[in-house]
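**Q** Sending over a structure as structure tokens; questions will come in a sec.
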Amino acid sequence: MNLKQIAETLNLENLTVGLPLDEPASVDKAHASDLLSDVLANAPAGGLLITIQVHMNVVAVALHAGLKAVVFASGMRPPEEVRAKAVAEGISLFAARESTFDVVGKLYALGLRGK
Amino acid sequence: MIQCAADMHIHTVLSPCASRAMLPQAIVREAMDKGMAVIAVCDHNSAGNAGAVRRASQVLGGPAVIPGMEITTREEVHVLGLFPTEAAALAASDEVRDGLPLWRPLLPNASAAGKRGPEQALVDADGHITGTEPKMLASASAFNLGETVSLIHRYGGLAVAAHMDRRSFSVPGQLGFLPPDVPFDGLEVSAAGAAHGRSAEFACHGLPILCSSDGHFLTDIGSGFTVLEVEQAVFCELALAIHGSNGRRCFLA
């Protein structure tokens with residue numbers, strides 16, 4: 001599935017409108033963590049990050065780890081400067097009302113897996 | 001100039017995780033035994049006992065006591081605030097306290113069963129309990145990292161990233177790396193980290209490296225310390241030493 005299909009299926013709010021979501025490359029890996037040191041060490045390149053951490057460093061770490069997109073769970077929303085940085089760096093951000101557990105469960109059911 | 005040993009991260013009985021023996025006079029006596037000329041009282045999210053330790057030290061002829069606080073940011077990063085006066089520390093402490101949740105029993109009916117949370121005792125210089133803190137001091141505050149450093153600076157304080165070498169509650173642990181736009185005044189390494197040569201890892205940030213005990217038990221006090229080269233052991237000299245100004249400096253032994 002590509003980002004567009006994932007976002008539609010999980011009813012995620014796209015926080016970075018304007019970034020392309022329908023690239024043919026499928027996203028089949030993901031990592032859930034709120035410790036960015038753990039994300040740096042363990043998140044799979046090309047995958048998704050599910051987190052409630054909204055600090056600016058999320059974007060930098062996502063970039064460094066080669067992640068495609070970040071899903072903020074539990075209704076967490078990053079500050080505007082984080083959103084702007086993500087747009088500039090080409091990292092898609094989404095917001096989910098559901099908890100990390102529920103988002104991850106749905107992604108797993110769609111066939112996404114950890115590292 | 002004099003060189004004096006400073007342990008600038010010590011908890012009291014106010015911190016839920018600290019020993020019940022961390023009372024003002026005992027802290028001061030232990031610091032005197034260990035040869036500390038400066039100590040800073042940094043309880044979690046509160047400066048409520050800093051004044052009591054300062055008064056105890058004045059009576060006992062002990063070290064200079066810097067009123068401080070170890071603030072937990074929203075990202076669960078620990079940041080030390082070291083303040084020029086008790087009033088400044090308490091004002092900053094009040095702002096942090098406002099955003100903390102009330103202590104609630106971890107188990108249903110725990111209160112009814114007589115099981116309470118940690119005491120979080122406010123004490124006077126003699127160690128008598130004058131009150132207990134109802135807010136959950138171990139919780140994250142409402143301020144993010146940048147806001148926390150701004151808050152500390154707004155009250156004339158020094159902002160130090162706590163125990164950079166640890167995985168838990170440190171900037172690198174929680175946020176992966178030190179954000180370049182957060183104006184810290186210094187970086188702390190733990191006593192164990194300094195002993196294992198970890199301070200060199202953080203030299204690249206161009207900030208002074210401090211070492212402190214993060215003492216939760218009396219015997220911890222002085223296990224980590226920073227050497228201050230200053231005219232006298234007072235806050236404004238500490239600030240000059242941390243900023244490396246006017247010939248003052250700080251370094252690890």
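Residue numbers start at 1 in each chain; chains themselves are named A, B, ... in the order of the structure tokens; ligands are numbered from 1 in the order shown.
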Tell me the residues of chain A close to chain B, meaning within 10 Å using only C-alpha atoms, as number ranges by chain.

**A** A: 34-41, 52-58, 60-61

**Q** For Ala43 of chain A, work out the shell of residues within 10 Å, counting only C-alpha atoms and skipping chain neighbours fewer than 6 positions away, then give it as a PyMOL selection string.

**A** chain A and resi 29-33+36-37+49+61-62+65-67+114-115

**Q** Go ahead and write the selection's residues with N, CA and C atoms as a PDB file, in the first residue's frame.

**A**
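Written output follows (part.pdb):
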ATOM      1  N   LYS A  29       6.792  -1.279   6.054  1.00  0.00           N
ATOM      2  CA  LYS A  29       7.467  -1.391   7.358  1.00  0.00           C
ATOM      3  C   LYS A  29       7.027  -0.236   8.256  1.00  0.00           C
ATOM      4  N   ALA A  30       7.070  -0.456   9.538  1.00  0.00           N
ATOM      5  CA  ALA A  30       6.734   0.624  10.473  1.00  0.00           C
ATOM      6  C   ALA A  30       7.401   0.366  11.819  1.00  0.00           C
ATOM      7  N   HIS A  31       7.468   1.437  12.609  1.00  0.00           N
ATOM      8  CA  HIS A  31       8.069   1.353  13.941  1.00  0.00           C
ATOM      9  C   HIS A  31       7.260   2.260  14.865  1.00  0.00           C
ATOM     10  N   ALA A  32       6.983   1.802  16.067  1.00  0.00           N
ATOM     11  CA  ALA A  32       6.243   2.622  17.035  1.00  0.00           C
ATOM     12  C   ALA A  32       7.128   2.870  18.246  1.00  0.00           C
ATOM     13  N   SER A  33       7.404   4.148  18.532  1.00  0.00           N
ATOM     14  CA  SER A  33       8.254   4.483  19.673  1.00  0.00           C
ATOM     15  C   SER A  33       8.155   5.970  19.957  1.00  0.00           C
ATOM     16  N   LEU A  36      13.263   8.928  20.688  1.00  0.00           N
ATOM     17  CA  LEU A  36      13.852   9.146  19.369  1.00  0.00           C
ATOM     18  C   LEU A  36      15.203   8.462  19.226  1.00  0.00           C
ATOM     19  N   SER A  37      15.878   8.206  20.343  1.00  0.00           N
ATOM     20  CA  SER A  37      17.117   7.431  20.265  1.00  0.00           C
ATOM     21  C   SER A  37      16.809   6.019  19.768  1.00  0.00           C
ATOM     22  N   LEU A  49       6.651   5.938  11.082  1.00  0.00           N
ATOM     23  CA  LEU A  49       6.839   6.016  12.533  1.00  0.00           C
ATOM     24  C   LEU A  49       5.509   6.393  13.164  1.00  0.00           C
ATOM     25  N   VAL A  61      14.985  13.289  12.998  1.00  0.00           N
ATOM     26  CA  VAL A  61      15.267  11.867  13.201  1.00  0.00           C
ATOM     27  C   VAL A  61      14.620  11.031  12.092  1.00  0.00           C
ATOM     28  N   ALA A  62      13.417  11.402  11.691  1.00  0.00           N
ATOM     29  CA  ALA A  62      12.736  10.688  10.598  1.00  0.00           C
ATOM     30  C   ALA A  62      13.561  10.790   9.312  1.00  0.00           C
ATOM     31  N   ALA A  65      16.682   8.643   9.641  1.00  0.00           N
ATOM     32  CA  ALA A  65      16.370   7.208   9.578  1.00  0.00           C
ATOM     33  C   ALA A  65      15.769   6.825   8.219  1.00  0.00           C
ATOM     34  N   GLY A  66      15.569   7.823   7.354  1.00  0.00           N
ATOM     35  CA  GLY A  66      15.022   7.542   6.027  1.00  0.00           C
ATOM     36  C   GLY A  66      13.559   7.142   6.040  1.00  0.00           C
ATOM     37  N   LEU A  67      12.808   7.644   7.022  1.00  0.00           N
ATOM     38  CA  LEU A  67      11.389   7.286   7.121  1.00  0.00           C
ATOM     39  C   LEU A  67      10.576   8.058   6.086  1.00  0.00           C
ATOM     40  N   GLY A 114       7.144  -4.765  11.438  1.00  0.00           N
ATOM     41  CA  GLY A 114       8.294  -4.082  12.023  1.00  0.00           C
ATOM     42  C   GLY A 114       9.557  -4.436  11.268  1.00  0.00           C
ATOM     43  N   LYS A 115      10.675  -3.971  11.789  1.00  0.00           N
ATOM     44  CA  LYS A 115      11.970  -4.176  11.121  1.00  0.00           C
ATOM     45  C   LYS A 115      12.235  -5.660  10.875  1.00  0.00           C
TER      46      LYS A 115
END

**Q** Would you please work out which residue, of B:Leu60, B:Ala161, B:Ala87, B:Leu80, is nearest to His205 of chain B when using only C-alpha atoms?

**A** B:Ala161

**Q** Check the DSSP output for the backbone and give back, as a ChimeraX atom specification, the residues of segment 75-177 of chain B in helix (DSSP H, G or I).

**A** /B:86-98,145-154,171-175

**Q** I'd like the neighbourhood of Ser99 of chain A as a PyMOL selection string, where a residue qualifies if any of its atoms comes within 12 Å (using only C-alpha atoms), though same-chain residues fewer than 6 positions away should be ignored.

**A** chain A and resi 32+50-52+71-76+105-106

**Q** Need the shell around segment 127-137 of chain B: protein/DNA/RNA residues with any atom at most 9 Å away, counting only C-alpha atoms. Skip same-chain ones fewer than 2 positions apart. Format as an MDAnalysis selection string?

**A** chainID B and resid 14:16 23:26 43:46 48 52 72 97:98 100:104 119:125 139:141

**Q** Find the distance between atom CA of Ala31 of chain B and atom CA of Asp126 of chain B and write it in Å to one decimal.

**A**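 These two atoms are separated by 16.3 Å.
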
**Q** In terms of the shortest atom-to-atom distance over only C-alpha atoms, which of B:Ser223, B:Val79, B:Ala241, B:Ala50 is closest to Ala159 of chain B?

**A**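 Smallest distance to Ala159 of chain B is found for B:Val79.
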
**Q** Quick one: pull the distance between atom CA of Glu81 of chain A and atom CA of Phe94 of chain A, Å, one decimal.

**A**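 Computing the Euclidean distance for atom CA of Glu81 of chain A and atom CA of Phe94 of chain A yields 15.0 Å.
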
**Q** How far is it from atom CA of Ala21 of chain B to atom CA of Asn49 of chain B, in Å with one decimal?

**A** 13.6 Å

**Q** Need the shell around Phe202 of chain B: protein/DNA/RNA residues with any atom at most 10 Å away, counting only C-alpha atoms. Skip same-chain ones fewer than 2 positions apart. Format as a short mmCIF file (atom, residue, chain, number, x, y, z; two decimals) with C-alpha atoms, in the first residue's frame?

**A**
data_model
loop_
_atom_site.label_atom_id
_atom_site.label_comp_id
_atom_site.auth_asym_id
_atom_site.auth_seq_id
_atom_site.Cartn_x
_atom_site.Cartn_y
_atom_site.Cartn_z
CA MET B 164 23.50 13.49 29.00
CA ASP B 165 25.18 10.08 29.18
CA LEU B 178 20.77 17.85 21.16
CA LEU B 187 25.57 19.83 29.81
CA GLU B 188 25.71 17.50 32.78
CA VAL B 189 27.26 14.05 32.78
CA ARG B 198 31.76 9.77 28.61
CA SER B 199 32.16 13.55 28.96
CA ALA B 200 34.35 13.65 25.84
CA CYS B 204 31.51 18.81 20.32
CA HIS B 205 28.56 20.98 21.39
CA GLY B 206 30.85 23.77 22.60
CA LEU B 207 29.10 23.94 25.97
CA PRO B 208 30.68 23.53 29.40
CA ILE B 209 30.45 20.01 30.79
#

**Q** Check the smallest atom-to-atom distance from each of A:Leu112, A:Glu23, A:Thr16, A:Gly46 to Ser92 of chain A using only C-alpha atoms, then report the winner.

**A**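 The answer is A:Thr16, which sits nearest to Ser92 of chain A.
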
**Q** Tell me, as number ranges by chain, which residues lie within 12 Å of Ala64 of chain B, counting only C-alpha atoms; anything in the same chain fewer than 6 positions away does not count.

**A** B: 4-8, 28, 31-32, 35-41, 50-51, 53-58, 84-85, 232-235, 237-238

**Q** Which parts of chain A does DSSP call strand (DSSP E or B) when run on the backbone here, written out as a VMD selection string?

**A** chain A and resid 13 to 14 17 19 29 to 32 48 to 51 69 to 72 92 to 95 113

**Q** For Ala84 of chain A, work out the shell of residues within 12 Å, counting only C-alpha atoms and skipping chain neighbours fewer than 6 positions away, then give it as a PDB file with N, CA and C atoms, in the first residue's frame.

**A**
ATOM      1  N   LEU A  15      -1.398  16.214   7.649  1.00  0.00           N
ATOM      2  CA  LEU A  15      -0.942  17.510   8.171  1.00  0.00           C
ATOM      3  C   LEU A  15      -0.001  18.213   7.205  1.00  0.00           C
ATOM      4  N   THR A  16       0.398  17.512   6.162  1.00  0.00           N
ATOM      5  CA  THR A  16       1.347  18.096   5.198  1.00  0.00           C
ATOM      6  C   THR A  16       0.753  18.042   3.798  1.00  0.00           C
ATOM      7  N   VAL A  17      -0.409  18.645   3.663  1.00  0.00           N
ATOM      8  CA  VAL A  17      -1.089  18.676   2.360  1.00  0.00           C
ATOM      9  C   VAL A  17      -0.140  19.340   1.359  1.00  0.00           C
ATOM     10  N   GLY A  18      -0.046  18.747   0.186  1.00  0.00           N
ATOM     11  CA  GLY A  18       0.875  19.308  -0.802  1.00  0.00           C
ATOM     12  C   GLY A  18       2.012  18.347  -1.080  1.00  0.00           C
ATOM     13  N   LEU A  19       2.371  17.562  -0.089  1.00  0.00           N
ATOM     14  CA  LEU A  19       3.391  16.543  -0.352  1.00  0.00           C
ATOM     15  C   LEU A  19       2.717  15.370  -1.062  1.00  0.00           C
ATOM     16  N   MET A  56      10.347  18.955  17.579  1.00  0.00           N
ATOM     17  CA  MET A  56      10.977  19.209  16.273  1.00  0.00           C
ATOM     18  C   MET A  56      11.945  18.096  15.861  1.00  0.00           C
ATOM     19  N   VAL A  59      11.201  15.252  13.165  1.00  0.00           N
ATOM     20  CA  VAL A  59      11.409  15.404  11.716  1.00  0.00           C
ATOM     21  C   VAL A  59      12.860  15.089  11.346  1.00  0.00           C
ATOM     22  N   PRO A  78       1.731  18.245  16.249  1.00  0.00           N
ATOM     23  CA  PRO A  78       3.009  18.965  16.397  1.00  0.00           C
ATOM     24  C   PRO A  78       2.790  20.467  16.237  1.00  0.00           C
ATOM     25  N   GLY A  90      10.137  17.126   3.064  1.00  0.00           N
ATOM     26  CA  GLY A  90       9.446  16.076   2.322  1.00  0.00           C
ATOM     27  C   GLY A  90       9.062  14.871   3.154  1.00  0.00           C
ATOM     28  N   ILE A  91       8.859  15.075   4.449  1.00  0.00           N
ATOM     29  CA  ILE A  91       8.386  13.990   5.320  1.00  0.00           C
ATOM     30  C   ILE A  91       6.894  14.214   5.574  1.00  0.00           C
ATOM     31  N   SER A  92       6.063  13.275   5.188  1.00  0.00           N
ATOM     32  CA  SER A  92       4.621  13.425   5.410  1.00  0.00           C
ATOM     33  C   SER A  92       4.276  13.214   6.875  1.00  0.00           C
ATOM     34  N   LEU A  93       3.376  14.056   7.382  1.00  0.00           N
ATOM     35  CA  LEU A  93       2.905  13.916   8.762  1.00  0.00           C
ATOM     36  C   LEU A  93       1.399  13.671   8.751  1.00  0.00           C
TER      37      LEU A  93
END
